[in-house]
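Source file: input.txt (compact mmCIF, C-alpha atoms)
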```
# COMPACT_ATOMS: atom_id res chain seq x y z
CA MET A 299 -16.26 13.35 -46.68
CA LYS A 300 -17.62 16.61 -45.28
CA LYS A 301 -20.38 16.67 -47.91
CA LEU A 302 -21.28 13.06 -47.07
CA VAL A 303 -21.61 13.84 -43.36
CA LEU A 304 -23.80 16.85 -44.10
CA TYR A 305 -25.90 14.78 -46.46
CA LEU A 306 -26.40 12.02 -43.89
CA ALA A 307 -27.23 14.56 -41.20
CA ASP A 308 -29.81 16.12 -43.50
CA LEU A 309 -31.36 12.71 -44.06
CA VAL A 310 -31.79 12.14 -40.34
CA ASN A 311 -32.96 15.70 -39.61
CA PRO A 312 -34.28 17.20 -42.87
CA LYS A 313 -35.06 20.89 -43.14
CA ASP A 314 -38.67 21.86 -42.76
CA ASN A 315 -38.91 23.28 -46.27
CA ALA A 316 -37.26 20.29 -47.96
CA ASP A 317 -39.22 18.62 -50.74
CA PHE A 318 -40.66 15.28 -49.75
CA ASN A 319 -38.84 12.30 -51.16
CA PRO A 320 -40.42 8.85 -50.71
CA LYS A 321 -36.94 7.33 -50.36
CA LEU A 322 -36.11 9.51 -47.34
CA PRO A 323 -37.64 7.21 -44.65
CA ILE A 324 -35.57 4.29 -45.94
CA ALA A 325 -32.42 6.40 -46.09
CA ARG A 326 -32.99 7.70 -42.57
CA GLU A 327 -33.41 4.18 -41.22
CA LEU A 328 -30.22 3.13 -42.98
CA VAL A 329 -28.30 6.05 -41.46
CA ARG A 330 -29.62 5.26 -37.98
CA HIS A 331 -28.52 1.65 -38.39
CA ILE A 332 -25.04 2.75 -39.48
CA MET A 333 -24.72 5.16 -36.55
CA LYS A 334 -25.79 2.47 -34.07
CA LYS A 335 -23.21 0.10 -35.49
CA ILE A 336 -20.47 2.73 -35.26
CA THR A 337 -21.43 3.50 -31.65
CA PHE A 338 -21.37 -0.20 -30.76
CA GLU A 339 -17.93 -0.66 -32.34
CA ILE A 340 -16.55 2.35 -30.45
CA LEU A 341 -17.85 0.99 -27.14
CA LEU A 342 -16.42 -2.43 -27.98
CA LEU A 343 -13.04 -0.86 -28.68
CA ILE A 344 -13.06 1.00 -25.36
CA TYR A 345 -14.01 -2.18 -23.48
CA SER A 346 -11.28 -4.15 -25.25
CA ASN A 347 -8.69 -1.57 -24.25
CA PHE A 348 -9.91 -1.82 -20.66
CA LEU A 349 -9.56 -5.60 -20.66
CA PHE A 350 -6.10 -5.30 -22.19
CA SER A 351 -4.98 -2.89 -19.49
CA GLN A 352 -6.35 -5.25 -16.84
CA SER A 353 -4.48 -8.18 -18.34
CA LYS A 354 -1.24 -6.18 -18.19
CA VAL A 355 -1.73 -5.73 -14.43
CA GLU A 356 -2.37 -9.43 -13.98
CA LYS A 357 0.95 -10.22 -15.69
CA LEU A 358 2.90 -8.84 -12.71
CA ILE A 359 5.46 -11.56 -12.00
CA LEU A 360 6.34 -12.71 -8.48
CA THR A 361 10.10 -13.17 -8.26
CA LYS A 362 11.38 -16.68 -7.60
CA ASP A 363 13.33 -15.57 -4.52
CA SER A 364 10.14 -14.36 -2.80
CA ASP A 365 8.41 -16.16 0.08
CA THR A 366 4.69 -15.51 0.59
CA ILE A 367 3.76 -18.68 2.50
CA TYR A 368 3.12 -17.10 5.92
CA TRP A 369 4.16 -13.46 6.21
CA ASN A 370 2.16 -12.25 3.22
CA LYS A 371 -1.04 -13.17 5.08
CA TYR A 372 0.25 -11.30 8.12
CA LYS A 373 0.99 -8.24 5.96
CA ASN A 374 -2.49 -8.36 4.42
CA GLU A 375 -4.00 -8.41 7.90
CA LEU A 376 -2.04 -5.26 8.75
CA ILE A 377 -3.34 -3.57 5.60
CA THR A 378 -6.94 -4.35 6.54
CA LYS A 379 -6.59 -3.62 10.24
CA TYR A 380 -4.81 -0.28 9.91
CA ASN A 381 -6.23 0.79 6.55
CA PHE A 382 -3.02 0.81 4.52
CA GLU A 383 -2.98 0.93 0.73
CA ASP A 384 -1.90 -2.34 -0.83
CA ILE A 385 1.22 -2.10 -2.95
CA SER A 386 -0.54 -3.89 -5.83
CA SER A 387 -2.96 -0.99 -6.30
CA LYS A 388 -0.18 1.53 -6.85
CA LYS A 389 0.69 2.63 -10.40
CA ASP A 390 4.12 4.07 -9.65
CA GLU A 391 7.19 2.94 -11.59
CA ILE A 392 8.84 1.68 -8.41
CA VAL A 393 7.32 1.05 -4.98
CA PHE A 394 9.28 -0.12 -1.94
CA LYS A 395 7.70 -1.02 1.39
CA PHE A 396 9.42 -1.97 4.62
CA TRP A 397 7.41 -3.49 7.48
CA SER A 398 8.48 -4.20 11.05
CA PHE A 399 7.22 -3.99 14.62
CA GLY A 400 4.55 -1.30 14.28
CA THR A 401 6.37 0.46 11.46
CA CYS A 402 5.82 0.84 7.72
CA ILE A 403 8.12 2.82 5.43
CA GLU A 404 6.96 3.41 1.86
CA ILE A 405 8.94 4.92 -1.01
CA THR A 406 7.60 5.57 -4.52
CA LYS A 407 9.49 6.64 -7.62
CA ASN A 408 8.20 8.04 -10.91
CA ASP A 409 10.98 9.19 -13.20
CA THR A 410 12.70 11.89 -11.13
CA LEU A 411 9.82 12.34 -8.67
CA ILE A 412 10.46 10.43 -5.44
CA ASN A 413 8.15 10.45 -2.41
CA GLY A 414 8.05 8.61 0.87
CA ASN A 415 6.40 8.29 4.24
CA LEU A 416 6.85 6.52 7.55
CA THR A 417 3.85 5.22 9.50
CA TYR A 418 3.70 3.97 13.09
CA PHE A 419 0.73 1.96 14.38
CA VAL A 420 -0.31 0.47 17.73
CA ASP A 421 -3.21 -1.35 19.40
CA GLU A 422 -4.86 -0.25 22.61
CA VAL A 423 -4.58 -2.71 25.49
CA ASP A 424 -7.62 -2.12 27.67
CA GLU A 425 -10.41 -4.16 29.22
CA PHE A 426 -13.08 -1.81 27.84
CA SER A 427 -12.00 -1.22 24.24
CA LYS A 428 -9.72 -2.45 21.48
CA LYS A 429 -8.90 0.58 19.36
CA HIS A 430 -6.05 1.21 16.94
CA PHE A 431 -3.96 4.29 16.37
CA LYS A 432 -1.58 5.19 13.57
CA LYS A 433 0.21 8.28 12.38
CA THR A 434 1.97 8.92 9.08
CA PHE A 435 4.95 11.22 8.71
CA ASN A 436 5.69 12.41 5.18
CA LEU A 437 9.38 12.25 4.37
CA LYS A 438 11.22 15.07 2.65
CA GLY A 439 12.07 14.60 -1.00
CA GLU A 440 15.80 14.38 -0.32
CA THR A 441 15.16 11.79 2.40
CA ALA A 442 13.11 9.60 0.06
CA LYS A 443 15.77 9.99 -2.62
CA GLU A 444 18.47 8.94 -0.17
CA ILE A 445 16.53 5.76 0.58
CA ILE A 446 16.15 4.98 -3.14
CA ASN A 447 19.90 5.49 -3.53
CA LEU A 448 20.47 3.16 -0.57
CA ILE A 449 18.30 0.46 -2.18
CA GLU A 450 20.19 0.75 -5.46
CA LYS A 451 23.65 1.00 -3.90
CA THR A 452 23.23 -1.99 -1.57
CA GLU A 453 21.32 -4.03 -4.19
CA ILE A 454 19.20 -5.16 -1.29
CA ASN A 455 16.48 -6.44 -3.60
CA LYS A 456 18.88 -9.05 -4.98
CA ILE A 457 19.05 -10.81 -1.60
CA PRO A 458 16.53 -13.68 -1.51
CA SER A 459 14.05 -14.24 1.31
CA ASP A 460 15.68 -15.88 4.33
CA LYS A 461 14.31 -19.38 3.66
CA PHE A 462 16.52 -19.51 0.55
CA ILE A 463 19.65 -18.57 2.51
CA LYS A 464 21.57 -21.56 3.81
CA GLY A 465 22.10 -21.45 7.56
CA TRP A 466 19.36 -18.92 8.33
CA GLN A 467 17.48 -20.15 11.39
CA HIS A 468 14.08 -19.13 12.78
CA GLY A 469 12.72 -18.76 16.29
CA PHE A 470 9.75 -17.54 18.31
CA ASP A 471 11.35 -14.38 19.67
CA GLY A 472 13.09 -11.69 17.66
CA ILE A 473 12.09 -9.22 14.97
CA GLU A 474 10.72 -9.97 11.52
CA TYR A 475 11.50 -7.60 8.66
CA ILE A 476 9.39 -7.62 5.50
CA PHE A 477 10.52 -6.06 2.22
CA GLU A 478 8.14 -5.45 -0.69
CA TYR A 479 9.43 -4.19 -4.02
CA LYS A 480 7.29 -3.61 -7.11
CA THR A 481 8.06 -2.41 -10.61
CA LYS A 482 5.77 -2.29 -13.65
CA THR A 483 6.45 -5.97 -14.37
CA GLU A 484 7.75 -7.63 -11.18
CA TYR A 485 6.87 -7.93 -7.52
CA SER A 486 8.99 -9.34 -4.72
CA PHE A 487 7.98 -10.20 -1.17
CA LYS A 488 10.80 -11.14 1.18
CA ASN A 489 11.08 -11.59 4.91
CA TYR A 490 14.02 -11.89 7.28
CA TRP A 491 13.87 -13.12 10.87
CA SER A 492 16.27 -11.38 13.28
CA PRO A 493 19.26 -10.85 10.97
CA ASN A 494 21.27 -9.53 13.92
CA SER A 495 21.16 -13.09 15.31
CA HIS A 496 22.97 -14.41 12.24
CA GLU A 497 26.27 -12.59 12.35
CA ASN A 498 27.96 -15.54 10.66
CA LEU A 499 25.92 -14.94 7.49
CA GLU A 500 27.09 -12.23 5.11
CA LYS A 501 23.58 -11.64 3.71
CA ALA A 502 22.16 -11.28 7.23
CA LYS A 503 24.74 -8.61 8.03
CA ARG A 504 23.81 -6.77 4.84
CA ILE A 505 20.11 -6.85 5.75
CA GLN A 506 20.73 -5.60 9.29
CA LYS A 507 23.00 -2.83 8.04
CA PHE A 508 20.32 -1.78 5.56
CA VAL A 509 17.64 -1.71 8.28
CA ASP A 510 19.83 0.37 10.60
CA GLU A 511 20.60 2.77 7.77
CA ILE A 512 17.00 3.24 6.62
CA TYR A 513 15.95 4.00 10.20
CA ARG A 514 18.77 6.54 10.46
CA ILE A 515 17.86 8.23 7.19
CA CYS A 516 14.21 8.54 8.25
CA ASP A 517 15.21 9.96 11.64
CA SER A 518 13.11 7.21 13.16
CA GLU A 519 14.36 7.82 16.68
CA ASN A 520 12.91 11.32 16.86
CA LEU A 521 9.76 10.50 14.90
CA SER A 522 8.97 7.54 17.14
CA LYS A 523 9.27 9.77 20.22
CA GLN A 524 6.87 12.25 18.64
CA PHE A 525 4.47 9.42 17.82
CA SER A 526 4.61 8.06 21.36
CA LYS A 527 3.59 11.44 22.78
CA GLU A 528 0.49 11.45 20.58
CA ILE A 529 -0.72 7.92 21.36
CA PRO A 530 -4.11 8.41 23.07
CA PHE A 531 -3.98 5.12 25.02
CA ARG A 532 -2.78 4.43 28.54
CA SER A 533 -1.50 1.00 27.51
CA TYR A 534 -0.72 -0.24 24.03
CA SER A 535 1.13 -2.87 22.07
CA TYR A 536 2.56 -3.13 18.59
CA ASN A 537 0.03 -5.11 16.56
CA GLY A 538 -1.11 -7.25 19.45
CA GLY A 539 2.41 -8.25 20.46
CA SER A 540 3.25 -9.64 23.87
CA MET A 541 5.14 -6.51 24.91
CA VAL A 542 2.82 -3.90 26.43
CA VAL A 543 3.78 -0.27 26.97
CA SER A 544 1.96 1.64 29.72
CA LYS A 545 2.07 5.32 30.55
CA ILE A 546 2.76 6.25 34.16
CA MET A 547 -0.26 7.87 35.87
CA THR A 548 -0.93 9.27 39.29
CA GLN A 549 -3.78 7.72 41.28
CA GLU A 550 -5.96 10.71 40.48
CA GLU A 551 -5.19 10.46 36.75
CA TYR A 552 -5.89 6.74 36.80
CA ARG A 553 -9.27 7.18 38.56
CA LYS A 554 -10.23 9.82 36.02
CA TYR A 555 -9.10 7.56 33.20
CA LYS A 556 -11.17 4.61 34.48
CA LYS A 557 -14.21 6.85 34.91
CA GLU A 558 -13.97 8.08 31.33
CA LYS A 559 -13.56 4.52 30.06
CA ARG A 560 -16.67 3.32 31.91
CA LYS A 561 -18.61 6.26 30.55
CA SER A 562 -17.42 5.50 27.04
CA LYS A 563 -18.39 1.85 27.44
CA ARG A 564 -21.95 2.77 28.51
CA GLN A 565 -22.32 5.15 25.56
CA ASN A 566 -21.21 2.50 23.09
CA LYS A 567 -23.72 -0.09 24.28
```
Output the structure of this file as structure tokens.
Amino acid sequence: MKKLVLYLADLVNPKDNADFNPKLPIARELVRHIMKKITFEILLLIYSNFLFSQSKVEKLILTKDSDTIYWNKYKNELITKYNFEDISSKKDEIVFKFWSFGTCIEITKNDTLINGNLTYFVDEVDEFSKKHFKKTFNLKGETAKEIINLIEKTEINKIPSDKFIKGWQHGFDGIEYIFEYKTKTEYSFKNYWSPNSHENLEKAKRIQKFVDEIYRICDSENLSKQFSKEIPFRSYSYNGGSMVVSKIMTQEEYRKYKKEKRKSKRQNK
């Protein structure tokens, strides 16, 4: 084989002192044709592997107990608005996402490596501008691991979305919780409206207990206070909600604030 390769190479690039052979031009053309064919087949193989890998991603199965009719659109709007990474683009073995009221908790697992983060996000409420602000807190490894253990222990992913649970009612007020869970082959999207308002339902109590526990593990109370101190807005809401939070200002602080806002508005024109 080695001799054949050397021979073919010599045909394509003969030595300067080689004796002329009238068959050489034909042989060289034949070698070039063979090399082009080999190159084409290699590229075709690479492209085929790419298509195969793409098809494997497309085979991700949505679980039958998921409900994407309304809240999936809402979640996608949050991703676009606050520049979150969509769970479908992640290559981790396991990805869990929890959404609620200006909060997103994400946990990823790859073999023994477990990571997580908690993100808060708000909208400015102001007559001059409509900005957004978010901050992500990386969770410690042991914290992320504790959440994974909580997911596995409670088997929370086995509880179907609330529309499949008999007796679960919906309303206009209250809190909506969204759970996303993705493996290499499956994806689930489930939502639960105000489980604390359904104390007569065992599954609702399990969901509420899980939510309370995940907030506790993340130390959400202290992190939310830290986030609130860093919010650069005088007034803000959680994703355009009806509840508006305003910081207390003295008259002098408020006049200065309004002056800066007017200046900012003129500069942005």
*From the set A:Lys443, A:Lys362, A:Arg560, A:Lys503, which residue has the shortest atom-to-atom contact distance to Asp409 in chain A, counting all atoms listed in the file?*
A:Lys443
Determine, counting all atoms listed in the file, which protein, DNA and RNA residues have an atom within 10 Å of an atom of Phe531 in chain A; residues of the same chain fewer than 5 positions away are not included. Present the result as a PDB file with C-alpha atoms, keeping the file's coordinate frame.
```pdb
ATOM      1  CA  VAL A 420      -0.310   0.470  17.730  1.00  0.00           C
ATOM      2  CA  ASP A 421      -3.210  -1.350  19.400  1.00  0.00           C
ATOM      3  CA  GLU A 422      -4.860  -0.250  22.610  1.00  0.00           C
ATOM      4  CA  VAL A 423      -4.580  -2.710  25.490  1.00  0.00           C
ATOM      5  CA  ASP A 424      -7.620  -2.120  27.670  1.00  0.00           C
ATOM      6  CA  LYS A 429      -8.900   0.580  19.360  1.00  0.00           C
ATOM      7  CA  HIS A 430      -6.050   1.210  16.940  1.00  0.00           C
ATOM      8  CA  PHE A 431      -3.960   4.290  16.370  1.00  0.00           C
ATOM      9  CA  SER A 526       4.610   8.060  21.360  1.00  0.00           C
ATOM     10  CA  VAL A 543       3.780  -0.270  26.970  1.00  0.00           C
ATOM     11  CA  SER A 544       1.960   1.640  29.720  1.00  0.00           C
ATOM     12  CA  LYS A 545       2.070   5.320  30.550  1.00  0.00           C
ATOM     13  CA  TYR A 555      -9.100   7.560  33.200  1.00  0.00           C
TER      14      TYR A 555
END
```
Within 12 Å of Val509 in chain A using all atoms listed in the file, minus same-chain residues under 6 positions, as a PDB file with C-alpha atoms, in the coordinates of the input:
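File written: result.pdb
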```
ATOM      1  CA  PHE A 396       9.420  -1.970   4.620  1.00  0.00           C
ATOM      2  CA  TRP A 397       7.410  -3.490   7.480  1.00  0.00           C
ATOM      3  CA  SER A 398       8.480  -4.200  11.050  1.00  0.00           C
ATOM      4  CA  THR A 401       6.370   0.460  11.460  1.00  0.00           C
ATOM      5  CA  ILE A 403       8.120   2.820   5.430  1.00  0.00           C
ATOM      6  CA  ILE A 445      16.530   5.760   0.580  1.00  0.00           C
ATOM      7  CA  LEU A 448      20.470   3.160  -0.570  1.00  0.00           C
ATOM      8  CA  ILE A 449      18.300   0.460  -2.180  1.00  0.00           C
ATOM      9  CA  THR A 452      23.230  -1.990  -1.570  1.00  0.00           C
ATOM     10  CA  ILE A 454      19.200  -5.160  -1.290  1.00  0.00           C
ATOM     11  CA  ILE A 473      12.090  -9.220  14.970  1.00  0.00           C
ATOM     12  CA  GLU A 474      10.720  -9.970  11.520  1.00  0.00           C
ATOM     13  CA  TYR A 475      11.500  -7.600   8.660  1.00  0.00           C
ATOM     14  CA  ILE A 476       9.390  -7.620   5.500  1.00  0.00           C
ATOM     15  CA  PHE A 477      10.520  -6.060   2.220  1.00  0.00           C
ATOM     16  CA  TYR A 490      14.020 -11.890   7.280  1.00  0.00           C
ATOM     17  CA  SER A 492      16.270 -11.380  13.280  1.00  0.00           C
ATOM     18  CA  PRO A 493      19.260 -10.850  10.970  1.00  0.00           C
ATOM     19  CA  ASN A 494      21.270  -9.530  13.920  1.00  0.00           C
ATOM     20  CA  ALA A 502      22.160 -11.280   7.230  1.00  0.00           C
ATOM     21  CA  LYS A 503      24.740  -8.610   8.030  1.00  0.00           C
ATOM     22  CA  ILE A 515      17.860   8.230   7.190  1.00  0.00           C
ATOM     23  CA  CYS A 516      14.210   8.540   8.250  1.00  0.00           C
ATOM     24  CA  SER A 518      13.110   7.210  13.160  1.00  0.00           C
TER      25      SER A 518
END
```
_Can you measure CA of Glu404 in chain A to CA of Asp384 in chain A for me? One decimal in Å is fine._
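If I compute the distance from CA of Glu404 in chain A to CA of Asp384 in chain A, I get 10.9 Å.
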*Pick from A:Trp466, A:Tyr485, A:Tyr513, A:Phe435: nearest to Asn498 in chain A, with only C-alpha atoms counted?*
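Among the listed residues, A:Trp466 lies closest to Asn498 in chain A.
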*Please return, as a ChimeraX atom specification, all polymer residues that have at least one atom within 10 Å of the point (5.5, 8.4, 5.0); use all atoms listed in the file and the file's own coordinate frame.*
/A:402-405,413-418,433-438,442,516
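CA of Leu360 in chain A sits 17.7 Å away from CA of Tyr372 in chain A.
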*Between CA of Ser427 in chain A and CA of Ser535 in chain A, what is the distance, to one decimal in Å?*
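CA of Ser535 in chain A lies 13.4 Å from CA of Ser427 in chain A.
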*asked:* My list of candidates is A:Asn455, A:Asn374, A:Asn408, A:Ser533. Which is closest to Phe508 in chain A when distances are computed with all atoms listed in the file?
replied: A:Asn455
*Using all atoms listed in the file, find all polymer residues with an atom at most 12 Å away from the point (0.5, 5.2, -7.6); report them as a PyMOL selection string.*
chain A and resi 383-394+404-408+411-414+480-482
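Among the candidate residues A:Glu497, A:Glu444, A:Glu528, A:Asp363, the one lying nearest to Ile463 in chain A is A:Asp363, with distances computed using only C-alpha atoms.
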*Using all atoms listed in the file, which of the listed residues (A:Lys432, A:Thr441, A:Ser486, A:Phe462) sits closest to Leu358 in chain A?*
A:Ser486
_When you count only C-alpha atoms, which of these residues is closest to Asn489 in chain A: A:Lys451, A:Ile512, A:Leu521, A:Ser459?_
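Distance minimum relative to Asn489 in chain A lands on A:Ser459.
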